[in-house]
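Enquirer: You'll find structure03.txt just under this line, and it carries compact mmCIF, C-alpha atoms.
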# COMPACT_ATOMS: atom_id res chain seq x y z
CA MET A 35 0.00 0.00 0.00
CA ASN A 36 2.83 2.33 0.96
CA HIS A 37 4.57 1.43 -2.25
CA THR A 38 1.72 2.62 -4.51
CA THR A 39 1.23 5.73 -2.43
CA ASP A 40 4.91 6.57 -2.74
CA GLU A 41 4.63 6.28 -6.50
CA ILE A 42 1.60 8.54 -6.59
CA ILE A 43 3.38 11.18 -4.52
CA ILE A 44 6.44 10.96 -6.76
CA HIS A 45 4.29 11.49 -9.85
CA LYS A 46 2.69 14.50 -8.17
CA VAL A 47 6.08 15.99 -7.28
CA LEU A 48 7.38 15.41 -10.79
CA ALA A 49 4.30 17.14 -12.16
CA GLY A 50 5.23 20.24 -10.15
CA ASP A 51 3.38 19.69 -6.86
CA ILE A 52 6.42 20.38 -4.66
CA PRO A 53 4.57 20.52 -1.28
CA ALA A 54 3.56 16.88 -1.87
CA TYR A 55 7.20 15.97 -1.25
CA SER A 56 6.77 16.82 2.44
CA GLU A 57 4.60 13.69 2.72
CA LEU A 58 7.57 11.56 1.68
CA VAL A 59 9.87 13.46 4.03
CA ASN A 60 7.46 12.91 6.94
CA ARG A 61 7.08 9.24 6.08
CA TYR A 62 10.77 8.41 5.85
CA SER A 63 12.51 11.02 8.02
CA SER A 64 12.78 8.77 11.09
CA MET A 65 14.02 5.75 9.16
CA VAL A 66 16.50 7.80 7.14
CA PHE A 67 17.69 9.51 10.30
CA THR A 68 17.96 6.21 12.21
CA LEU A 69 20.03 4.62 9.44
CA ALA A 70 22.27 7.68 9.12
CA TYR A 71 22.69 7.82 12.90
CA ASN A 72 23.64 4.14 13.10
CA ILE A 73 26.29 4.60 10.44
CA ILE A 74 27.78 7.82 11.77
CA ILE A 75 26.88 7.72 15.54
CA ASN A 76 26.48 11.46 15.85
CA ARG A 77 23.12 13.24 15.99
CA GLU A 78 24.18 16.51 14.33
CA ASP A 79 25.96 14.74 11.48
CA ALA A 80 23.07 12.31 11.07
CA GLU A 81 20.59 15.18 10.79
CA GLU A 82 22.79 16.90 8.22
CA ILE A 83 23.06 13.65 6.26
CA ALA A 84 19.29 13.10 6.44
CA GLN A 85 18.69 16.61 5.05
CA ASP A 86 21.22 16.07 2.26
CA VAL A 87 19.58 12.75 1.43
CA PHE A 88 16.13 14.26 0.98
CA ILE A 89 17.50 17.10 -1.15
CA LYS A 90 19.55 14.71 -3.29
CA ALA A 91 16.52 12.45 -3.66
CA PHE A 92 14.41 15.42 -4.73
CA THR A 93 16.88 16.69 -7.31
CA SER A 94 17.36 13.23 -8.81
CA LEU A 95 13.76 12.05 -8.49
CA ARG A 96 13.49 11.73 -12.28
CA SER A 97 16.23 9.12 -12.27
CA TYR A 98 14.28 6.92 -9.82
CA LYS A 99 13.22 3.74 -11.59
CA GLU A 100 9.98 2.27 -10.35
CA GLN A 101 11.25 -1.30 -10.53
CA SER A 102 12.67 -0.95 -7.02
CA LYS A 103 10.98 0.37 -3.90
CA PHE A 104 11.37 4.08 -3.25
CA ALA A 105 12.59 3.27 0.28
CA THR A 106 15.41 1.06 -1.03
CA TRP A 107 16.47 3.78 -3.47
CA LEU A 108 16.39 6.33 -0.64
CA TYR A 109 18.43 4.11 1.71
CA ARG A 110 21.05 3.69 -1.01
CA ILE A 111 21.47 7.48 -1.00
CA VAL A 112 21.71 7.40 2.83
CA VAL A 113 24.47 4.77 2.76
CA ASN A 114 26.44 6.61 0.07
CA THR A 115 26.07 10.02 1.74
CA ALA A 116 26.95 8.69 5.20
CA LEU A 117 29.97 6.74 3.96
CA ASN A 118 31.07 9.81 2.06
CA LYS A 119 30.80 11.83 5.26
CA LYS A 120 32.78 9.15 7.08
CA LYS A 121 35.30 9.33 4.24
CA LEU A 122 34.85 5.62 3.53
CA ARG A 123 34.33 4.03 0.14
CA LYS A 124 32.53 1.02 1.59
CA LEU A 125 31.83 -0.63 4.89
CA ILE A 126 34.74 -2.34 6.59
CA THR A 127 34.04 -6.04 6.51
CA ALA A 128 37.17 -7.47 8.08
CA ASP A 129 37.05 -10.27 10.64
CA ILE A 130 33.65 -11.56 9.52
CA THR A 131 34.77 -15.01 8.49
CA ALA A 132 36.03 -15.93 11.96
CA ALA A 133 34.14 -18.81 13.52
CA LEU A 134 31.01 -18.05 15.44
CA THR A 135 31.14 -18.68 19.13
CA GLU A 136 27.98 -19.91 20.72
CA GLU A 137 28.11 -18.08 23.99
CA GLU A 138 25.52 -18.15 26.71
CA SER A 139 23.31 -15.20 26.01
CA ALA A 140 19.88 -13.92 26.91
CA ASP A 141 17.08 -14.26 24.43
CA VAL A 142 14.57 -11.73 23.23
CA TYR A 143 11.71 -13.29 25.25
CA SER A 144 13.38 -12.58 28.56
CA LEU A 145 14.23 -9.05 27.43
CA LEU A 146 10.67 -8.28 26.43
CA GLN A 147 9.59 -8.89 30.03
CA TYR A 148 11.23 -5.66 31.07
CA GLU A 149 8.78 -2.80 30.74
CA ARG A 150 10.69 0.20 31.88
CA ALA A 151 10.36 3.87 31.19
CA ASP A 152 14.06 4.13 30.40
CA MET A 153 14.06 1.07 28.13
CA LYS A 154 14.72 3.31 25.09
CA GLN A 155 17.94 4.49 26.68
CA PHE A 156 19.07 0.90 27.34
CA VAL A 157 18.23 -0.36 23.86
CA GLN A 158 20.01 2.56 22.22
CA LYS A 159 23.02 2.07 24.46
CA ALA A 160 23.13 -1.62 23.56
CA VAL A 161 22.77 -0.89 19.84
CA ASN A 162 25.50 1.75 19.98
CA VAL A 163 28.07 -0.63 21.45
CA LEU A 164 27.70 -3.07 18.55
CA PRO A 165 30.54 -3.03 16.02
CA ASP A 166 29.81 -0.75 13.04
CA ASN A 167 28.97 -3.41 10.47
CA GLU A 168 26.77 -5.43 12.86
CA ARG A 169 24.87 -2.31 13.94
CA ILE A 170 24.30 -1.21 10.35
CA CYS A 171 23.08 -4.67 9.28
CA ILE A 172 20.77 -4.94 12.30
CA THR A 173 19.33 -1.48 11.59
CA MET A 174 18.81 -2.17 7.90
CA TYR A 175 17.25 -5.59 8.52
CA TYR A 176 14.99 -4.91 11.48
CA LEU A 177 14.23 -1.21 11.23
CA ASN A 178 14.52 -0.36 7.54
CA GLU A 179 12.96 -3.75 6.68
CA LEU A 180 15.47 -4.51 3.95
CA SER A 181 16.06 -8.07 2.83
CA VAL A 182 19.47 -9.72 3.12
CA ASN A 183 19.86 -9.37 -0.67
CA GLU A 184 19.07 -5.67 -0.55
CA ILE A 185 21.52 -5.11 2.32
CA SER A 186 24.17 -6.93 0.34
CA GLU A 187 23.47 -4.73 -2.67
CA LEU A 188 23.61 -1.53 -0.62
CA THR A 189 26.67 -2.32 1.47
CA GLY A 190 28.74 -4.49 -0.85
CA ILE A 191 28.99 -7.19 1.84
CA THR A 192 28.29 -10.74 0.66
CA ILE A 193 25.00 -12.41 1.60
CA ALA A 194 26.79 -15.07 3.68
CA ASN A 195 28.67 -12.41 5.63
CA ILE A 196 25.49 -10.43 6.25
CA LYS A 197 23.86 -13.52 7.75
CA VAL A 198 26.87 -13.94 10.03
CA LEU A 199 26.77 -10.27 10.99
CA LEU A 200 23.05 -10.45 11.78
CA HIS A 201 23.52 -13.58 13.88
CA ARG A 202 26.41 -12.07 15.80
CA GLY A 203 24.68 -8.72 16.16
CA ARG A 204 21.57 -10.36 17.61
CA LYS A 205 23.59 -12.36 20.15
CA ARG A 206 25.68 -9.38 21.14
CA LEU A 207 22.61 -7.18 21.42
CA TYR A 208 20.78 -9.62 23.71
CA THR A 209 23.85 -10.10 25.88
CA LYS A 210 24.55 -6.38 26.18
CA LEU A 211 20.93 -5.52 26.87
CA ASP A 212 20.60 -8.27 29.46
CA GLU A 213 23.81 -7.09 31.09
CA LEU A 214 22.68 -3.47 31.19
CA LEU A 215 19.26 -4.30 32.60
CA LYS A 216 20.65 -6.69 35.23
CA THR A 217 23.20 -4.11 36.36
CA GLU A 218 20.44 -1.56 36.64
CA LEU A 219 18.23 -3.93 38.66
CA ASN A 220 21.11 -4.77 40.99
CA ASP A 221 21.76 -1.08 41.53
CA LEU A 222 18.16 -0.60 42.54
CA LYS A 223 18.28 -3.38 45.12
CA MET P 197 11.20 -16.64 13.08
CA GLN P 198 9.17 -15.73 16.14
CA GLU P 199 12.35 -14.48 17.77
CA ASP P 200 13.00 -12.31 14.74
CA LYS P 201 9.53 -10.81 15.03
CA GLN P 202 10.01 -10.11 18.72
CA LEU P 203 13.37 -8.46 18.15
CA LYS P 204 11.90 -6.35 15.36
CA GLU P 205 9.13 -5.29 17.73
CA LEU P 206 11.65 -4.43 20.44
CA LEU P 207 13.84 -2.41 18.10
CA THR P 208 10.95 -0.65 16.38
CA LYS P 209 9.62 0.34 19.77
CA TRP P 210 12.88 1.50 21.32
CA ALA P 211 15.65 1.95 18.77
CA VAL P 212 14.08 4.28 16.20
CA GLN P 213 15.71 7.70 16.29
CA HIS P 214 13.80 10.85 15.41
CA PRO P 215 15.22 14.01 13.86
CA SER P 216 14.64 17.42 15.43
CA ALA P 217 11.16 18.96 15.43
CA GLY P 218 11.58 21.34 12.49
CA PHE P 219 13.25 18.77 10.25
CA THR P 220 10.54 18.51 7.57
CA SER P 221 10.09 22.27 7.26
CA GLN P 222 13.87 22.76 6.98
CA VAL P 223 14.09 20.16 4.24
CA MET P 224 11.08 21.63 2.42
CA GLN P 225 12.61 25.11 2.56
CA GLN P 226 15.79 23.83 0.92
CA VAL P 227 13.83 21.75 -1.58
CA THR P 228 11.69 24.75 -2.57
CA SER P 229 14.70 27.01 -3.00
CA ALA P 230 16.47 24.29 -5.03
CA TYR P 231 13.38 23.94 -7.22
CA THR P 232 12.91 27.69 -7.79
CA SER P 233 16.60 28.33 -8.51
CA ASN P 234 16.51 25.44 -10.96
CA ALA P 235 13.32 26.69 -12.57
CA ASN P 236 14.65 30.24 -13.00
CA THR P 237 17.93 29.24 -14.60
CA PRO P 238 17.54 29.18 -18.37
CA PRO P 239 19.49 26.40 -20.06
CA LEU P 240 22.71 27.49 -21.80
CA TYR P 241 21.51 25.92 -25.02
CA LYS P 242 18.38 24.15 -26.08
CA GLN P 243 18.73 20.47 -26.77
CA ARG P 244 16.66 20.86 -29.94
CA LEU P 245 18.85 23.70 -31.23
CA LEU P 246 21.91 21.50 -30.86
CA LYS P 247 20.21 18.74 -32.85
CA ILE P 248 19.21 21.21 -35.60
CA VAL P 249 22.78 22.57 -35.86
CA PHE P 250 24.19 19.06 -36.01
CA GLY P 251 21.62 18.01 -38.63
CA LEU P 252 22.43 21.08 -40.74
CA PHE P 253 26.14 20.33 -40.51
CA VAL P 254 25.58 16.77 -41.72
CA ILE P 255 23.34 17.98 -44.60
CA VAL P 256 25.89 20.60 -45.70
CA CYS P 257 28.65 17.97 -45.62
CA ILE P 258 26.61 15.59 -47.76
CA VAL P 259 25.69 18.35 -50.25
CA LEU P 260 29.34 19.43 -50.55
CA LEU P 261 30.40 15.82 -51.03
CA ILE P 262 27.83 15.32 -53.82
CA LEU P 263 28.83 18.63 -55.44
CA SER P 264 32.49 17.67 -55.39
CA PHE P 265 31.67 14.61 -57.49
CA THR P 266 29.23 16.28 -59.91
CA THR P 267 30.82 19.70 -60.60
CA PRO P 268 34.38 20.34 -61.81
CA ALA P 269 36.76 21.57 -59.09
CA THR P 270 36.85 25.35 -59.29
CA LEU P 271 37.85 27.72 -56.54
CA LEU P 272 35.35 30.44 -55.74
CA PHE P 273 38.05 32.73 -54.38
CA ARG P 274 41.79 32.63 -54.02
CA PHE P 275 43.15 32.84 -50.47
CA ASN P 276 46.56 34.30 -50.91
CA VAL P 277 47.62 36.24 -47.82
CA LYS P 278 51.24 36.01 -46.79
CA LEU P 279 51.56 35.81 -43.00
CA PRO P 280 54.81 36.49 -41.15
CA ALA P 281 56.47 33.39 -39.62
CA SER P 282 56.12 34.81 -36.06
CA TYR P 283 52.31 34.47 -36.38
CA PHE P 284 52.70 30.70 -36.50
CA SER P 285 54.88 30.50 -33.39
CA GLN P 286 52.46 32.83 -31.56
CA GLY P 287 49.51 30.71 -32.63
CA PHE P 288 51.34 27.57 -31.57
CA SER P 289 52.18 28.98 -28.11
CA PHE P 290 48.59 30.14 -27.72
CA LEU P 291 47.31 26.62 -28.40
CA ILE P 292 49.79 25.04 -25.96
CA THR P 293 48.90 27.55 -23.20
CA PHE P 294 45.19 27.12 -23.88
CA TRP P 295 45.28 23.35 -23.50
CA ILE P 296 47.51 23.49 -20.39
CA VAL P 297 45.00 25.85 -18.75
CA MET P 298 42.12 23.61 -19.85
CA PHE P 299 43.73 20.52 -18.32
CA LEU P 300 44.60 22.36 -15.11
CA ASN P 301 41.03 23.57 -14.88
CA LEU P 302 39.73 20.03 -15.32
CA ILE P 303 42.09 18.66 -12.68
CA LEU P 304 41.23 21.42 -10.19
CA LYS P 305 37.53 20.84 -10.77
CA LYS P 306 37.95 17.15 -10.03
CA TYR P 307 40.23 17.61 -7.02
CA PRO P 308 39.43 21.03 -5.57
CA VAL P 309 42.09 22.64 -3.41
CA LYS P 310 40.93 22.67 0.21
CA THR P 311 41.34 25.97 1.99
CA ALA P 312 41.45 26.10 5.75
Is it possible to express this structure as structure tokens?
Expert:
Amino acid sequence: MNHTTDEIIIHKVLAGDIPAYSELVNRYSSMVFTLAYNIIINREDAEEIAQDVFIKAFTSLRSYKEQSKFATWLYRIVVNTALNKKKLRKLITADITAALTEEESADVYSLLQYERADMKQFVQKAVNVLPDNERICITMYYLNELSVNEISELTGITIANIKVLLHRGRKRLYTKLDELLKTELNDLK
Amino acid sequence: MQEDKQLKELLTKWAVQHPSAGFTSQVMQQVTSAYTSNANTPPLYKQRLLKIVFGLFVIVCIVLLILSFTTPATLLFRFNVKLPASYFSQGFSFLITFWIVMFLNLILKKYPVKTA
């Protein structure tokens, strides 16, 4: 449904209805900002990148091919702009092939039991401590709802490596979150 | 699969970051100014004009080629101006300087010099 609506808005904008573009900005601003933030880990830079992304997308809207989703096209601009800002050509993918270690870690079910007002702070803290490539893959997969193939296309990381990064990222995220919440509970006691 | 769903739910609920309050209006301001500046700038040349000039050039070439086969070679005028030898060296230096400047310009455009 979103997909068709995006297309309609794009046609409107291309026909000269510029205010219609604000609908797209409203719809994707949080996701674009979240992705930019998780690549760059700085709010001011992420906001600047997000602005650049929407302006770039507007100026090159005619080049958008409707075979792919507008969101995927937009996220490609985010990745390129953010990497450019970071002065990187592509994501660093070293050390991915090392064997996975099956450590004892918490699972998502136990974490969902915590209903705390400051949960946002904990989750963001846990996400921020993930290594760059794991954090970016987790963000793209779970928040930007991109498929493993799309992530591979956007980042240049192979599909197999993305699966490894997602697996590791999940484990690390659960462990870190569990650790943070347990520490907090112990402090309260 | 279920675990994936739960994690997605957790992250969507807690890990989404939001830009500052005036983000959309700031973007729209820049978008509008980009659109108006683009709309007010007349193109340096019209694409159609370029096609017409190129088409004319091709037609003239073909006509001249046909004429050269059908009519005997006669010169319409005789170009017989004697130029001093220094003109050639000046012309040559001009061409060299021109192309050096052109290449420098291209290089500087590609790799702009950063000023502090």
Enquirer: Return as a Markdown table the residues of chain A lying at most 6 Å from chain P, together with the closest atom-to-atom pair for each and the distance in Å to one decimal, counting all atoms listed in the file, with rows in chain order and ascending residue number.
Expert:
| residue | atom | partner | partner_atom | distance |
| --- | --- | --- | --- | --- |
| A:Ser64 | CA | P:His214 | CA | 4.9 |
| A:Thr68 | CA | P:Gln213 | CA | 4.9 |
| A:Gln85 | CA | P:Val223 | CA | 5.9 |
| A:Ile89 | CA | P:Val227 | CA | 5.9 |
| A:Lys154 | CA | P:Trp210 | CA | 4.6 |
| A:Gln158 | CA | P:Ala211 | CA | 5.6 |
| A:Tyr176 | CA | P:Lys204 | CA | 5.2 |
Enquirer: Quick check, in Å to one decimal: how far apart do CA of Ile185 in chain A and CA of Arg206 in chain A lie?
Expert: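 We find that CA of Ile185 in chain A and CA of Arg206 in chain A lie 19.7 Å from each other.
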Enquirer: Enter the distance from CA of Arg61 in chain A to CA of Ala105 in chain A, in Å, rounded to one decimal.
Expert: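 That distance, rounded to one decimal, is 10.0 Å.
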Enquirer: When you count all atoms listed in the file, which of these residues is closest to Arg169 in chain A: A:Val112, A:Ala80, A:Met153, A:Leu207?
Expert: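 Nearest candidate to Arg169 in chain A out of A:Val112, A:Ala80, A:Met153, A:Leu207: A:Leu207.
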Enquirer: In Å, with one decimal, what is the gap from CA of Val59 in chain A to CA of Tyr98 in chain A?
Expert: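 These two atoms are separated by 15.9 Å.
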